[in-house]
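Notes follow once the structure below has been shown.
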Protein chains: 4
Amino acid sequence: MELKIGVIGIGAIGQDHMKRITNTLSKGRVVAVTDVNRQQAKAIVDAFSLDARIYEDGHQLIQSDEVDAVIVTSWGPTHEEYVLAAIEANKPVFCEKPLATTAEGCIRIVEAEMKKGKLLVQVGYMRRYDSGYRALKQVLDEGQVGEPLIIHAAHRNQTVPDTYTGDMSIVDTFIHEIDVHRWLLNDEYVSVQVIAPKKTQQAAEHLQDPLIVIMKTQQGTIINGEIFVHCQYGYDIQCQIVGENGMASLPDPASVVLHSQATRSTNILTDWQHRFKAAYDEELQDWINSSLKGEVNGPTAWDGYVAAVTADACLKAKATGETTPIHLQERPAFYHQSFVPEKV
Amino acid sequence: MELKIGVIGIGAIGQDHMKRITNTLSKGRVVAVTDVNRQQAKAIVDAFSLDARIYEDGHQLIQSDEVDAVIVTSWGPTHEEYVLAAIEANKPVFCEKPLATTAEGCIRIVEAEMKKGKLLVQVGYMRRYDSGYRALKQVLDEGQVGEPLIIHAAHRNQTVPDTYTGDMSIVDTFIHEIDVHRWLLNDEYVSVQVIAPKKTQQAAEHLQDPLIVIMKTQQGTIINGEIFVHCQYGYDIQCQIVGENGMASLPDPASVVLHSQATRSTNILTDWQHRFKAAYDEELQDWINSSLKGEVNGPTAWDGYVAAVTADACLKAKATGETTPIHLQERPAFYHQSFVPEKV
Amino acid sequence: MELKIGVIGIGAIGQDHMKRITNTLSKGRVVAVTDVNRQQAKAIVDAFSLDARIYEDGHQLIQSDEVDAVIVTSWGPTHEEYVLAAIEANKPVFCEKPLATTAEGCIRIVEAEMKKGKLLVQVGYMRRYDSGYRALKQVLDEGQVGEPLIIHAAHRNQTVPDTYTGDMSIVDTFIHEIDVHRWLLNDEYVSVQVIAPKKTQQAAEHLQDPLIVIMKTQQGTIINGEIFVHCQYGYDIQCQIVGENGMASLPDPASVVLHSQATRSTNILTDWQHRFKAAYDEELQDWINSSLKGEVNGPTAWDGYVAAVTADACLKAKATGETTPIHLQERPAFYHQSFVPEKV
Amino acid sequence: MELKIGVIGIGAIGQDHMKRITNTLSKGRVVAVTDVNRQQAKAIVDAFSLDARIYEDGHQLIQSDEVDAVIVTSWGPTHEEYVLAAIEANKPVFCEKPLATTAEGCIRIVEAEMKKGKLLVQVGYMRRYDSGYRALKQVLDEGQVGEPLIIHAAHRNQTVPDTYTGDMSIVDTFIHEIDVHRWLLNDEYVSVQVIAPKKTQQAAEHLQDPLIVIMKTQQGTIINGEIFVHCQYGYDIQCQIVGENGMASLPDPASVVLHSQATRSTNILTDWQHRFKAAYDEELQDWINSSLKGEVNGPTAWDGYVAAVTADACLKAKATGETTPIHLQERPAFYHQSFVPEKV
């Protein structure tokens with residue numbers, strides 16, 4: 001059994017997914033691609049020696065009989081229409097974040113999927129597939145640290161380009177923290193506050209960096225998060241759960257230990273591709289496997305909606321300095337299974 | 001040369017100091033003691049085989065010609081009067097925290113000392129003598145991590161007795177964080193906010209535990225502090241400085257690494273006496289040495305005053321949930337040297 | 001392009017390889033299987049829902065036009081004949097260790113392959129594909145520790161069954177150390193000595209456990225190796241290279257850090273499957289990719305021969321207690337590339 | 001109570017001990033010194049502001065009524081006569097290694113002390129006072145790793161001067177390993193083998209560096225030791241005990257953890273003074289305390305004898321390449337207590 005996949009939008013992440021389907025993963029084949037730049041689409045298909053048809057646009061690709069399932073890696077503002085079209089065509093669709101650029105857009109997708117009566121949409125929050133986060137969730141779920149009270153988290157990038165603007169700290173960077181902590185905790189956020197420490201001289205004028213983002217959940221757990229996208233020293237993702245009986249921390253990636261010049265050292269990675277490479281592989285393999293079974297095992301459209309609402313509240317909290325409530329619609333029973341992913 | 005020391009109040013910490021002066025340190029000798037319980041004082045002097053006179057009260061002890069310098073380890077509310085008396089008698093005095101129970105009391109001491117025109121008072125903030133904090137300060141002062149932007153700190157106790165009440169989280173526990181971070185940063189606090197996470201079931205009804213305390217300094221650095229006095233897993237003091245170019249963390253105490261039963265483990269200490277034993281030794285030896293030279297090298301009365309004012313603001317912030325300003329008097333030139341302690 | 005693979009012998013490791021080809025890896029398909037137990041072969045093919053033909057024996061499978069390449073995972077003493085048959089049929093063959101049960105058998109394979117004039121054989125030393133060993137080799141090759149002088153290595157199993165006999169310490173366990181250190185060092189062994197420490201009470205009467213095996217290379221580097229197959233605490237592979245300018249150590253697998261009950265701990269794995277799972281995946285994917293290109297990128301028949309000769313010398317050294325020379329034939333130019341594997 | 005101490009020989013280590021007695025430790029006072037260079041002795045006494053008499057020679061000092069106890073830190077070949085004289089004078093004597101330059105010299109001291117019928121001699125093996133080794137011994141004695149089977153040990157210096165010759169690897173460097181492992185194990189050595197790995201280019205022509213020294217004990221435990229005195233990267237003392245049920249490792253000294261420039265690093269010390277500073281303090285304080293009680297708590301003359309015999313065997317093993325037996329006289333009951341030091 002093989003899943004015939006169409007890819008809409010073949011920028012960096014789209015190409016990455018095509019490569020892993022072709023060279024690394026099992027049971028999937030890229031049979032169709034489309035991109036606003038058709039020239040580029042043609043060049044990539046040739047470079048990868050793919051036997052894939054190039055489509056005029058995403059809608060044609062989605063409707064093609066040759067395509068079993070769709071990956072949406074186009075420009076963010078186009079995600080909603082392609083995801084809706086895939087639902088309409090009753091085809092599994094993997095959509096990179098954001099699911100839609102607004103909470104309203106996410107709700108339209110949720111409603112379309114519920115109307116279809118079948119889970120079809122997976123959103124690209126790959127951290128849930130990271131072996132470290134998985135192990136951390138297992139420790140938590142087994143009660144090894146007791147009830148979680150505080151999560152200390154940090155998302156640090158070595159640096160970002162000047163095109164990275166203020167909102168991106170939340171909607172591009174912290175969005176991963178938003179998804180992963182509610183998944184870790186099996187809980188939902190109720191409010192958020194944003195605090196601005198002394199700004200690094202490394203950041204451009206328009207960017208407050210670092211930031212501290214403090215979210216509270218329904219159960220009262222505090223997520224004490226740091227975003228620092230010019231930390232200079234590396235790409236470093238930290239997560240430490242303080243529970244009633246103990247504490248559990250996300251492992252750092254393994255590295256050779258070097259003793260040299262009066263220091264004992266290990267390497268810190270400098271890019272997210274390397275840090276989460278295995279997670280991306282697991283994520284897409286799981287999507288292929290689930291799609292072949294007619295299921296969705298990863299983050300759903302509902303998770304995409306929650307991320308969108310929470311990110312909006314974070315932005316408001318950042319602008320006002322106030323503790324800002326996070327108002328979610330009630331979760332439909334249709335989506336209840338998403339916190340208990342099957343073992344990959 | 002030998003410093004003849006009188007000790008006022010010989011509870012647990014008073015006895016500890018007597019032991020280290022007698023059995024561990026150089027150049028000091030306990031020649032005088034007093035305690036509200038004279039019976040107890042007599043018993044201790046005998047048990048330690050000390051050739052020390054037992055005085056009627058602290059004032060007699062302070063005024064005795066046999067006493068060169070005074071250690072105040074009596075009940076907190078009595079500290080102020082004994083410190084003032086020692087200043088009046090022109091004798092070096094080491095006072096355990098608190099210097100006084102109110103900011104006003106601290107100011108009275110500051111004014112008395114300035115009037116005397118000579119530094120005489122050292123307050124017992126021993127962390128400044130901990131080799132780990134010293135090394136951390138050196139890394140910071142050498143610019144190895146660049147300008148400090150955020151300090152993540154945690155003060156965790158395994159458990160506390162039921163007599164430990166709400167205010168003690170600040171005035172007994174966090175007070176050490178208050179002193180040590182302004183010393184690390186060479187900076188002063190301007191505001192504080194206190195956040196209450198989900199409460200552990202291990203804490204008594206009257207105690208909100210854990211707490212998050214967020215202080216901002218004049219330079220804009222954020223101290224993101226956690227207090228958790230029922231963490232169950234051990235006595236654990238964490239401090240991580242995020243700077244513009246890197247990050248530096250307080251070392252954990254060294255421990256044998258055990259490989260056993262499918263785990264690789266090191267011990268976590270369970271009591272503060274063990275954790276800071278060497279720091280207490282360094283602190284008191286430095287006080288003896290400095291006193292013999294007519295100097296004060298450690299935390300001064302001014303540092304005691306700042307701690308008192310900051311603790312008051314923390315308590316108010318805890319009660320109100322509001323970000324609370326911290327108003328300090330201007331530091332007199334008389335006290336300027338205190339942030340650059342001589343190498344111990 | 002897809003590699004159609006026949007598997008000879010479907011015990012535990014054979015099934016593992018079938019699973020990874022089917023469910024995890026790209027570009028390979030199991031189209032043929034055979035086993036001494038045909039019933040079992042049928043049951044496995046059904047259980048995996050494979051569209052694979054069951055052959056009468058290995059030779060039929062090798063000669064089938066449906067089979068592009070062969071995996072030999074049958075009983076050790078049968079390896080030689082199947083590998084020779086695959087060479088004869090001009091088909092790529094992946095053979096689990098041992099390549100042959102004697103050095104003479106290995107030489108027969110080497111000669112057959114050279115006669116065919118084309119590299120066809122890869123031997124299953126998966127450690128060369130372990131990310132940790134790869135990183136260690138890179139550190140060494142880049143000169144980060146200078147010339148290697150000593151390697152301290154340990155191979156520890158939690159326990160072994162009573163069927164594990166004395167020779168297996170060398171031919172089943174230490175054989176991996178034999179392969180990986182000459183690969184790390186780009187060097188060959190010249191002698192070996194075996195030392196017997198105090199024996200653990202956990203080992204059966206017939207088994208000396210632990211052992212220390214000391215090998216010397218042409219360059220004079222000492223491999224100071226420990227084998228301990230009842231270490232009780234876990235499956236633990238250690239490798240530390242002491243060079244002229246520094247030291248580099250194999251990383252331990254990443255693990256959640258748990259603070260609980262006065263200990264800070266990480267997990268130690270207990271089985272080799274888990275420890276080297278990713279290495280097995282990389283190994284077999286590389287074999288599929290290389291086979292499709294008509295190349296061999298991993299350990300060759302020559303490496304199999306060297307391992308066999310070295311293991312024989314280790315056994316003799318163990319029996320005699322003497323430092324025992326290791327005599328290798330001169331390496332034919334045909335095999336020279338094997339120490340410089342292409343980046344996987 | 002105060003111990004009045006005379007110091008014979010005030011080179012570097014003699015001065016160090018004088019400093020710690022005067023400035024750091026309790027209950028001791030340096031009242032007498034002597035040195036072959038009287039000018040130097042005078043200068044040092046003045047520099048330290050000591051109220052100490054300068055004696056003509058060691059014998060006069062030993063016999064003086066002003067001296068309660070003696071520290072011998074003169075040139076190695078003079079140790080024996082001063083230790084014998086101190087025994088004759090019935091005074092406690094602390095002697096830096098070597099106790100005597102020959103095993104026969106050590107036996108003469110042992111016999112003199114037994115004849116006097118009282119323990120008077122302590123030898124300067126300070127590692128037994130190192131908190132890390134103490135913790136390791138406790139783990140071992142409590143059976144946390146079961147019966148010890150192998151000890152992996154390494155003694156690495158950053159570099160040594162050209163005056164450091166071949167024998168010094170054993171008699172100056174490895175001698176500490178000789179003392180500490182029999183103490184850890186409560187066991188005696190029966191044989192030793194020395195292996196020469198590839199020599200570092202950093203070592204002078206006359207020096208084989210590194211060396212591997214393999215000692216076997218009566219119980220069959222193997223000490224697998226490395227000596228490497230030009231390791232370049234730092235002063236690094238490693239000790240790992242592999243037992244029947246687990247493994248325990250000597251802790252590395254605590255150090256700030258720095259995240260900078262894509263590396264996570266801790267410092268490695270570069271000198272032994274820093275590494276064992278606290279151990280020297282503990283050692284001498286314990287000697288002062290014990291001397292005041294008329295006891296010897298640390299390494300005895302017998303331990304000095306065993307070290308001498310073992311070092312001789314190591315030198316022979318190094319010269320011959322052969323496994324060399326270690327023949328000790330039977331330990332007199334007089335010395336039996338030395339492996340169970342009182343808690344310092």
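As shown in the structure tokens, the chain order sets the letters A, B, ...; within each chain, residues go from 1, and ligands are also counted from 1 in the order they appear.
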Per-residue DSSP, range 8-216 of chain C, filtered to strand (DSSP E or B), as a PyMOL selection string
chain C and resi 8+28-34+53-54+69-72+93-95+121-123+148-156+189-195+211-216
Tell me as an MDAnalysis selection string which residues belonging to chain B come within 7 Å of chain C, counting only C-alpha atoms.
chainID B and resid 232:234 259:270
DSSP on the backbone: which residues in range 136-326 of chain B end up as alpha helix (DSSP H)? Give the answer as a PyMOL selection string.
chain B and resi 136-141+168+175-185+272-275+277-293+301-320
Kindly indicate which residue among B:Ile13, B:Ile227, B:Ala319, B:Met18 lies nearest to Phe174 in chain B, using only C-alpha atoms for the distances.
B:Ile227
For Asp35 in chain C, please output as a count of residues only all residues within 9 Å (counting only C-alpha atoms; exclusion window: fewer than 4 positions along the same chain).
14
For CA of Gln144 in chain C and CA of Val194 in chain D, quote the distance in Å rounded to one decimal.
27.9 Å
Per residue of range 180-289 of chain D within 6 Å of range 121-137 of chain D, record the nearest atom pair and its distance in Å to one decimal, counting only C-alpha atoms, with rows in chain order and ascending residue number, as a tab-separated table.
residue	atom	partner	partner_atom	distance
D:Leu184	CA	D:Lys137	CA	5.4
D:Leu250	CA	D:Gly132	CA	5.8
D:Pro251	CA	D:Gly132	CA	5.9
D:Ala279	CA	D:Asp130	CA	4.5
D:Tyr280	CA	D:Met126	CA	5.8
D:Glu283	CA	D:Tyr129	CA	5.7
Considering only C-alpha atoms, state which residue in the set D:Leu149, D:Leu99, D:Ala203, D:Ile212 is at the smallest distance from Glu244 in chain C.
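That would be D:Ala203, the residue with the smallest distance to Glu244 in chain C.
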Set the distance at 12 Å and use only C-alpha atoms: which residues neighbour range 110-114 of chain C once local chain neighbours fewer than 4 positions away are removed? I'd like the list as number ranges by chain.
C: 80-81, 83-93, 99-100, 103-106, 118-122, 296, 300-306, 329, 331-335
Excluding Thr24 in chain A and its own-chain neighbours fewer than 2 positions away, which residues fall within 7 Å of it when counting only C-alpha atoms? Please give them as a CSV table (one decimal) with N, CA and C atoms, in the first residue's frame.
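The resulting file, result_15.csv, is reproduced below:
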chain,number,residue,atom,x,y,z
A,20,ARG,N,12.1,13.9,2.2
A,20,ARG,CA,12.0,12.8,3.2
A,20,ARG,C,11.0,11.7,2.7
A,21,ILE,N,10.0,12.1,2.0
A,21,ILE,CA,9.1,11.1,1.4
A,21,ILE,C,9.8,10.2,0.4
A,22,THR,N,10.6,10.9,-0.4
A,22,THR,CA,11.3,10.1,-1.4
A,22,THR,C,12.5,9.3,-1.0
A,26,SER,N,8.9,5.5,4.3
A,26,SER,CA,8.3,4.4,3.7
A,26,SER,C,6.8,4.7,3.3
C,25,LEU,N,11.9,2.3,6.0
C,25,LEU,CA,12.9,2.8,5.1
C,25,LEU,C,12.3,3.1,3.7
C,26,SER,N,13.1,3.7,2.9
C,26,SER,CA,12.7,4.1,1.5
C,26,SER,C,13.4,3.2,0.5
